[in-house]
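Here is the structure we will look at.
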Amino acid sequence: MLTKRIIPCLDIKNGRTVKGVNFEGLRDAGDPVELAKRYSEEGADELVFLDITATLEKRKTLVELVKRIAREINIPFTVGGGIKTVDEIEELLKAGADKVSLNSSIVKDPALISRASDAFGAQAIVAAVDAKRNEGSWNVYIKGGTEDTGLDALEWMQETEKRGAGEILLTSMDRDGTKAGFDIELLSKVNQLVTIPVIASGGAGTVKHCIDAVKEANADAVLAASIFHFREIEISDLKEEMLQAGIEVRPV
Amino acid sequence: MIAIIKYKAGNTASVANALERLGTDYYLAETPDELNKADGIIFPGVGHAGAAMQSLKDQKIDTWLKNTEKPVLGICVGMQLLYETSSEGNTVGLGIIDGGLEKFDESQAKVPHMGWNRINLQVESHPILRNIIPKHYLYFVHSYYAPVSEDTLAACNYINDFTAIVAKDNFIGVQFHPEKSGNVGSLILQNFLDMVYSPEKVKA
């Protein structure tokens, strides 16, 4: 049976791993390549690297960092942050990334999804969606969570699937950094509407939160940052408890 | 030396990195002449089967592959093209292995099949399966699958049973990505290298 994936996320700024609360107030959490190696050895199923300041500072994602990561680890990884063109995607995939995550750029230019998907396959294209509650529904935010697009998040995620995204990385901005648990309602709704895998992101604070995301909201993967960076939860313990809760995971 | 086939649909970086981690020499080959110098060939592939096949034809590698007697390891779309057909774009493949690729039924579960899954061995032993046990998980990303057939060495289940590892003569195909499957994936790549360089070691 296909296992549920545990995905540590490394937010990158100026080549270092950082983690903020609600997208602000960054704390340093170490060298990304060292952390990536550690997670790979500890049983992470996949890794995500997000160059969180790339869009704001108009900075290109760090191709050299991707090359270093690809040399060191033997599990799949996704890179995101400020990627705008098919050429940039190609550069990152050639550097060794397995997938790219696209966020602000596909809101401005939705056809970029299909162009990229046609060129590299749907499996390489992750639609990253930052969603925030807005009176009973969710709006899509871009530019690192600073700009409300007014788009309905559920409708937007369906559109990304239609246009050829192979996976959705869904971050609840209301929960991100709070450790209050994933937005189960949002996750459940999108999982009824799309047929591509959905990665739950934003709010992981306990093992139970991760179990709930899978059991109650049918998430295909659980992404978290600070609980892993600061060793509040060990990946091996998380997987053991998920197994005991009846969830299929790859044993460490 | 190992040649990694370089063509439009091949992501060679990951395979090259994996071979470097195993300490094996390799080079990228784009033409039949370059392939002639290889001891063994790794044939990666991502994306659309039709586009991949066209790219192989453009480089005249298709005919070379059909006729080679060197050990070949096809990975993902590289494995899929070893078959006769793929329903992805009604592609005609290399026809080295009997059968055709079908698309997973999207009404049953999410497609692509993406993530770590277990394999079930269909044969008692084969050099590529050395030290591989059914408990092992491997990393898959694909929307099309090869049904289980007499050439299947290991099957996997997602929506239905399908071929995870296939072998015919000097051709091995793996649907998963050994270069991204952690230590178990490295083991499979090492088994292939042993088949190329020290067949006596892996005969048992």
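Order determines the names: the first chain of the structure tokens is A, the second B, and so forth; residues in each chain are numbered 1 upward, and ligands are numbered 1 upward as they are shown.
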
**Request:** Excluding Leu193 of chain A and any residue of its chain fewer than 2 positions from it, enumerate the residues within 8 Å of it, using only C-alpha atoms, and give them as a list in words.
**Result:** Leu154, Gln158, Lys189, Val190, Asn191 and Thr195 of chain A

Could you turn the residues from that selection into a file that holds C-alpha atoms, as a PDB file, in the first residue's frame?
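Produced file again16.pdb, reproduced below:
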```
ATOM      1  CA  LEU A 154     -10.815  25.729  -3.292  1.00  0.00           C
ATOM      2  CA  GLN A 158      -9.149  22.712  -8.740  1.00  0.00           C
ATOM      3  CA  LYS A 189     -12.759  20.037   1.466  1.00  0.00           C
ATOM      4  CA  VAL A 190      -9.935  20.139  -1.034  1.00  0.00           C
ATOM      5  CA  ASN A 191      -9.456  16.387  -0.821  1.00  0.00           C
ATOM      6  CA  THR A 195      -7.641  13.824  -7.423  1.00  0.00           C
TER       7      THR A 195
END
```

**Message:** Run DSSP on the backbone and tell me which residues of segment 51-147 of chain B come out as helix (DSSP H, G or I); list them as a PyMOL selection string.
**Reply:** chain B and resi 51-58+61-67+77-80+88-90+127-129

Mind writing the picked residues with C-alpha atoms as a PDB file, in the first residue's frame?
```
ATOM      1  CA  ALA B  51       7.876  12.802 -26.165  1.00  0.00           C
ATOM      2  CA  ALA B  52      10.542  10.549 -24.670  1.00  0.00           C
ATOM      3  CA  MET B  53      10.214   8.020 -27.506  1.00  0.00           C
ATOM      4  CA  GLN B  54      10.417  10.774 -30.125  1.00  0.00           C
ATOM      5  CA  SER B  55      13.564  12.112 -28.525  1.00  0.00           C
ATOM      6  CA  LEU B  56      15.135   8.628 -28.581  1.00  0.00           C
ATOM      7  CA  LYS B  57      14.298   8.322 -32.271  1.00  0.00           C
ATOM      8  CA  ASP B  58      15.729  11.745 -33.054  1.00  0.00           C
ATOM      9  CA  ILE B  61      19.166   5.531 -29.926  1.00  0.00           C
ATOM     10  CA  ASP B  62      15.935   3.535 -30.358  1.00  0.00           C
ATOM     11  CA  THR B  63      17.385   1.088 -32.867  1.00  0.00           C
ATOM     12  CA  TRP B  64      20.620   0.812 -30.925  1.00  0.00           C
ATOM     13  CA  LEU B  65      18.769  -0.107 -27.738  1.00  0.00           C
ATOM     14  CA  LYS B  66      16.646  -2.765 -29.449  1.00  0.00           C
ATOM     15  CA  ASN B  67      19.769  -4.525 -30.686  1.00  0.00           C
ATOM     16  CA  VAL B  77       9.607   6.120 -18.271  1.00  0.00           C
ATOM     17  CA  GLY B  78      12.861   4.419 -19.312  1.00  0.00           C
ATOM     18  CA  MET B  79      11.327   1.136 -18.145  1.00  0.00           C
ATOM     19  CA  GLN B  80       7.971   1.937 -19.743  1.00  0.00           C
ATOM     20  CA  GLU B  88       0.033   7.710 -22.950  1.00  0.00           C
ATOM     21  CA  GLY B  89      -0.325   9.478 -26.294  1.00  0.00           C
ATOM     22  CA  ASN B  90      -0.779   6.054 -28.006  1.00  0.00           C
ATOM     23  CA  PRO B 127      20.660 -10.706  -9.603  1.00  0.00           C
ATOM     24  CA  ILE B 128      18.818  -7.368  -9.459  1.00  0.00           C
ATOM     25  CA  LEU B 129      16.871  -8.575  -6.392  1.00  0.00           C
TER      26      LEU B 129
END
```

Using only C-alpha atoms, I'd like a table of the residues in chain A that come within 8 Å of chain B; for each, show the closest atom pair and its distance in Å rounded to one decimal, ordered by chain and ascending number, as a Markdown table.
```
| residue | atom | partner | partner_atom | distance |
| --- | --- | --- | --- | --- |
| A:Met1 | CA | B:Asn117 | CA | 5.8 |
| A:Leu2 | CA | B:Asn117 | CA | 4.7 |
| A:Thr3 | CA | B:Trp116 | CA | 5.7 |
| A:Lys4 | CA | B:Gly115 | CA | 7.6 |
| A:Arg5 | CA | B:Gly115 | CA | 7.0 |
| A:Ser40 | CA | B:Gly182 | CA | 7.9 |
| A:Asp45 | CA | B:Trp116 | CA | 7.6 |
| A:Ala70 | CA | B:Asn17 | CA | 6.9 |
| A:Arg71 | CA | B:Asn17 | CA | 5.4 |
| A:Asn74 | CA | B:Lys180 | CA | 4.9 |
| A:Ile75 | CA | B:Lys180 | CA | 4.4 |
| A:Pro76 | CA | B:Lys180 | CA | 5.5 |
| A:Leu93 | CA | B:Asn11 | CA | 7.5 |
| A:Lys94 | CA | B:Ala13 | CA | 6.1 |
| A:Ala95 | CA | B:Ala13 | CA | 6.5 |
| A:Gly96 | CA | B:Ala13 | CA | 5.2 |
| A:Asp118 | CA | B:His48 | CA | 7.9 |
| A:Ala119 | CA | B:Gly47 | CA | 7.6 |
| A:Phe120 | CA | B:Gly47 | CA | 5.4 |
| A:Gly121 | CA | B:Gly47 | CA | 4.0 |
| A:Ala122 | CA | B:Gly47 | CA | 7.4 |
| A:Gln123 | CA | B:Val141 | CA | 6.7 |
| A:Gly166 | CA | B:Pro112 | CA | 7.1 |
| A:Thr195 | CA | B:Lys110 | CA | 4.7 |
| A:Ile196 | CA | B:Lys110 | CA | 5.3 |
| A:Pro197 | CA | B:Lys110 | CA | 6.3 |
| A:Arg250 | CA | B:Tyr137 | CA | 6.6 |
```

Tyr141 of chain A: which residues within 8 Å, counting only C-alpha atoms, same-chain residues fewer than 4 positions away excluded, as a PDB file with C-alpha atoms, in the first residue's frame?
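Below is the file result_9.pdb, written as the result:
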```
ATOM      1  CA  VAL A 129      -1.253  27.512  -2.214  1.00  0.00           C
ATOM      2  CA  ASP A 130      -1.228  29.805   0.807  1.00  0.00           C
ATOM      3  CA  ALA A 131      -4.816  29.984   2.050  1.00  0.00           C
ATOM      4  CA  LYS A 132      -6.355  32.206   4.704  1.00  0.00           C
ATOM      5  CA  GLY A 145       1.492  35.727   2.375  1.00  0.00           C
ATOM      6  CA  THR A 146       1.504  39.497   2.050  1.00  0.00           C
ATOM      7  CA  GLU A 147      -1.027  39.954  -0.742  1.00  0.00           C
ATOM      8  CA  ASP A 148      -4.658  38.816  -0.827  1.00  0.00           C
ATOM      9  CA  THR A 149      -5.536  37.850  -4.397  1.00  0.00           C
ATOM     10  CA  GLY A 150      -9.268  37.593  -3.675  1.00  0.00           C
TER      11      GLY A 150
END
```

**Item:** Non-local contacts of Phe171 of chain B (10 Å; only C-alpha atoms; under 5 positions in same chain excluded) as JSON, numbers by chain
**Value:** {"B": [41, 65, 66, 68, 69, 70, 71, 72, 73, 74, 79, 82, 96, 97, 166]}

**Prompt:** Which residue, B:Ala3, B:Val148, B:Phe43, B:Gly95, has the smallest gap to Asp25 of chain B when you use only C-alpha atoms?
**Reply:**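 Closest to Asp25 of chain B, using only C-alpha atoms: B:Ala3.
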
**Item:** Separation of atom CA of Lys37 of chain B from atom CA of Asp98 of chain A in Å
**Value:** 29.3 Å

**Message:** Need to verify the contact set: Gln192 of chain A, 10 Å, only C-alpha atoms, exclusion of same-chain residues closer than 4 positions in sequence. Can you return it as a list in words?
**Reply:**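 Counting only C-alpha atoms, the residues come to Leu187, Ser188, Ala217 and Asn218 of chain A.
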
Output C-alpha atoms for every residue in the selection just made, as a short mmCIF file (atom, residue, chain, number, x, y, z; two decimals), in the first residue's frame.
```cif
data_model
loop_
_atom_site.label_atom_id
_atom_site.label_comp_id
_atom_site.auth_asym_id
_atom_site.auth_seq_id
_atom_site.Cartn_x
_atom_site.Cartn_y
_atom_site.Cartn_z
CA LEU A 187 -7.90 19.94 3.92
CA SER A 188 -11.02 17.77 3.94
CA ALA A 217 -8.77 15.02 6.28
CA ASN A 218 -7.23 12.29 4.12
#
```

**Item:** Residue nearest Gly100 of chain B - candidates B:Asn191, B:Leu19, B:Asn131, B:Phe162, atoms counted: only C-alpha atoms
**Value:** B:Phe162

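Close contacts of Arg130 of chain B, defined as residues with an atom at most 8 Å away when counting only C-alpha atoms, with chain neighbours fewer than 4 positions off set aside, comprise Ser125, His126, Ile188, Asn191 and Val202 of chain B.
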
Preceding selection exported with C-alpha atoms as a PDB file, in the first residue's frame:
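In the end it all went to out.pdb:
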```
ATOM      1  CA  SER B 125      15.863 -14.997  -7.179  1.00  0.00           C
ATOM      2  CA  HIS B 126      17.393 -12.675  -9.715  1.00  0.00           C
ATOM      3  CA  ILE B 188      19.269  -2.007  -6.452  1.00  0.00           C
ATOM      4  CA  ASN B 191      23.058  -4.907  -7.885  1.00  0.00           C
ATOM      5  CA  VAL B 202      25.372 -11.843  -8.177  1.00  0.00           C
TER       6      VAL B 202
END
```

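The smallest atom-to-atom distance between Gly181 of chain A and any of A:Glu155, A:Asp237, A:Asp212, A:Glu161, using only C-alpha atoms, is found for A:Asp212.
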
**Request:** Show which residues sit within 10 Å of Asp98 of chain B, as a list in words. Count only C-alpha atoms, and ignore same-chain residues fewer than 3 positions away.
**Result:**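 What passes the distance filter is Leu82, Tyr83, Glu84, Thr85, Leu94, Gly95, Ser149, Glu150, Asp151 and Lys168 of chain B.
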
Export C-alpha atoms of the chosen residues as a compact mmCIF listing (two decimals), in the first residue's frame?
```
# COMPACT_ATOMS: atom_id res chain seq x y z
CA LEU B 82 10.95 -1.12 -23.06
CA TYR B 83 7.37 -2.31 -23.62
CA GLU B 84 5.49 -2.49 -26.92
CA THR B 85 3.02 0.33 -26.33
CA LEU B 94 10.82 -0.23 -28.14
CA GLY B 95 8.95 -3.54 -28.02
CA SER B 149 3.25 -10.44 -16.77
CA GLU B 150 5.55 -13.44 -17.06
CA ASP B 151 8.55 -11.08 -17.22
CA LYS B 168 14.03 -9.86 -20.12
```

**Backbone DSSP call of strand (DSSP E) for segment 4-68 of chain B, listed as a PyMOL selection string** = chain B and resi 4-5+26-29+40-43

What does the file look like for those residues with N, CA and C atoms, as a PDB file, in the first residue's frame?
```pdb
ATOM      1  N   ILE B   4      25.004   6.885 -18.990  1.00  0.00           N
ATOM      2  CA  ILE B   4      23.632   7.319 -18.716  1.00  0.00           C
ATOM      3  C   ILE B   4      23.119   7.956 -20.001  1.00  0.00           C
ATOM      4  N   ILE B   5      22.022   7.456 -20.512  1.00  0.00           N
ATOM      5  CA  ILE B   5      21.494   8.016 -21.764  1.00  0.00           C
ATOM      6  C   ILE B   5      20.979   9.423 -21.508  1.00  0.00           C
ATOM      7  N   TYR B  26      31.007   7.085 -14.611  1.00  0.00           N
ATOM      8  CA  TYR B  26      29.918   7.104 -15.593  1.00  0.00           C
ATOM      9  C   TYR B  26      30.165   8.239 -16.568  1.00  0.00           C
ATOM     10  N   TYR B  27      29.445   8.213 -17.674  1.00  0.00           N
ATOM     11  CA  TYR B  27      29.445   9.359 -18.572  1.00  0.00           C
ATOM     12  C   TYR B  27      28.064   9.473 -19.201  1.00  0.00           C
ATOM     13  N   LEU B  28      27.782  10.638 -19.768  1.00  0.00           N
ATOM     14  CA  LEU B  28      26.501  10.843 -20.423  1.00  0.00           C
ATOM     15  C   LEU B  28      26.654  10.533 -21.903  1.00  0.00           C
ATOM     16  N   ALA B  29      25.729   9.749 -22.448  1.00  0.00           N
ATOM     17  CA  ALA B  29      25.814   9.341 -23.850  1.00  0.00           C
ATOM     18  C   ALA B  29      24.596   9.834 -24.616  1.00  0.00           C
ATOM     19  N   GLY B  40      27.752  -0.914 -19.397  1.00  0.00           N
ATOM     20  CA  GLY B  40      26.337  -1.059 -19.052  1.00  0.00           C
ATOM     21  C   GLY B  40      25.653   0.284 -19.235  1.00  0.00           C
ATOM     22  N   ILE B  41      24.333   0.242 -19.405  1.00  0.00           N
ATOM     23  CA  ILE B  41      23.612   1.473 -19.744  1.00  0.00           C
ATOM     24  C   ILE B  41      22.492   1.718 -18.739  1.00  0.00           C
ATOM     25  N   ILE B  42      22.406   2.947 -18.267  1.00  0.00           N
ATOM     26  CA  ILE B  42      21.242   3.336 -17.476  1.00  0.00           C
ATOM     27  C   ILE B  42      20.405   4.287 -18.317  1.00  0.00           C
ATOM     28  N   PHE B  43      19.122   3.959 -18.384  1.00  0.00           N
ATOM     29  CA  PHE B  43      18.188   4.624 -19.284  1.00  0.00           C
ATOM     30  C   PHE B  43      17.088   5.274 -18.438  1.00  0.00           C
TER      31      PHE B  43
END
```
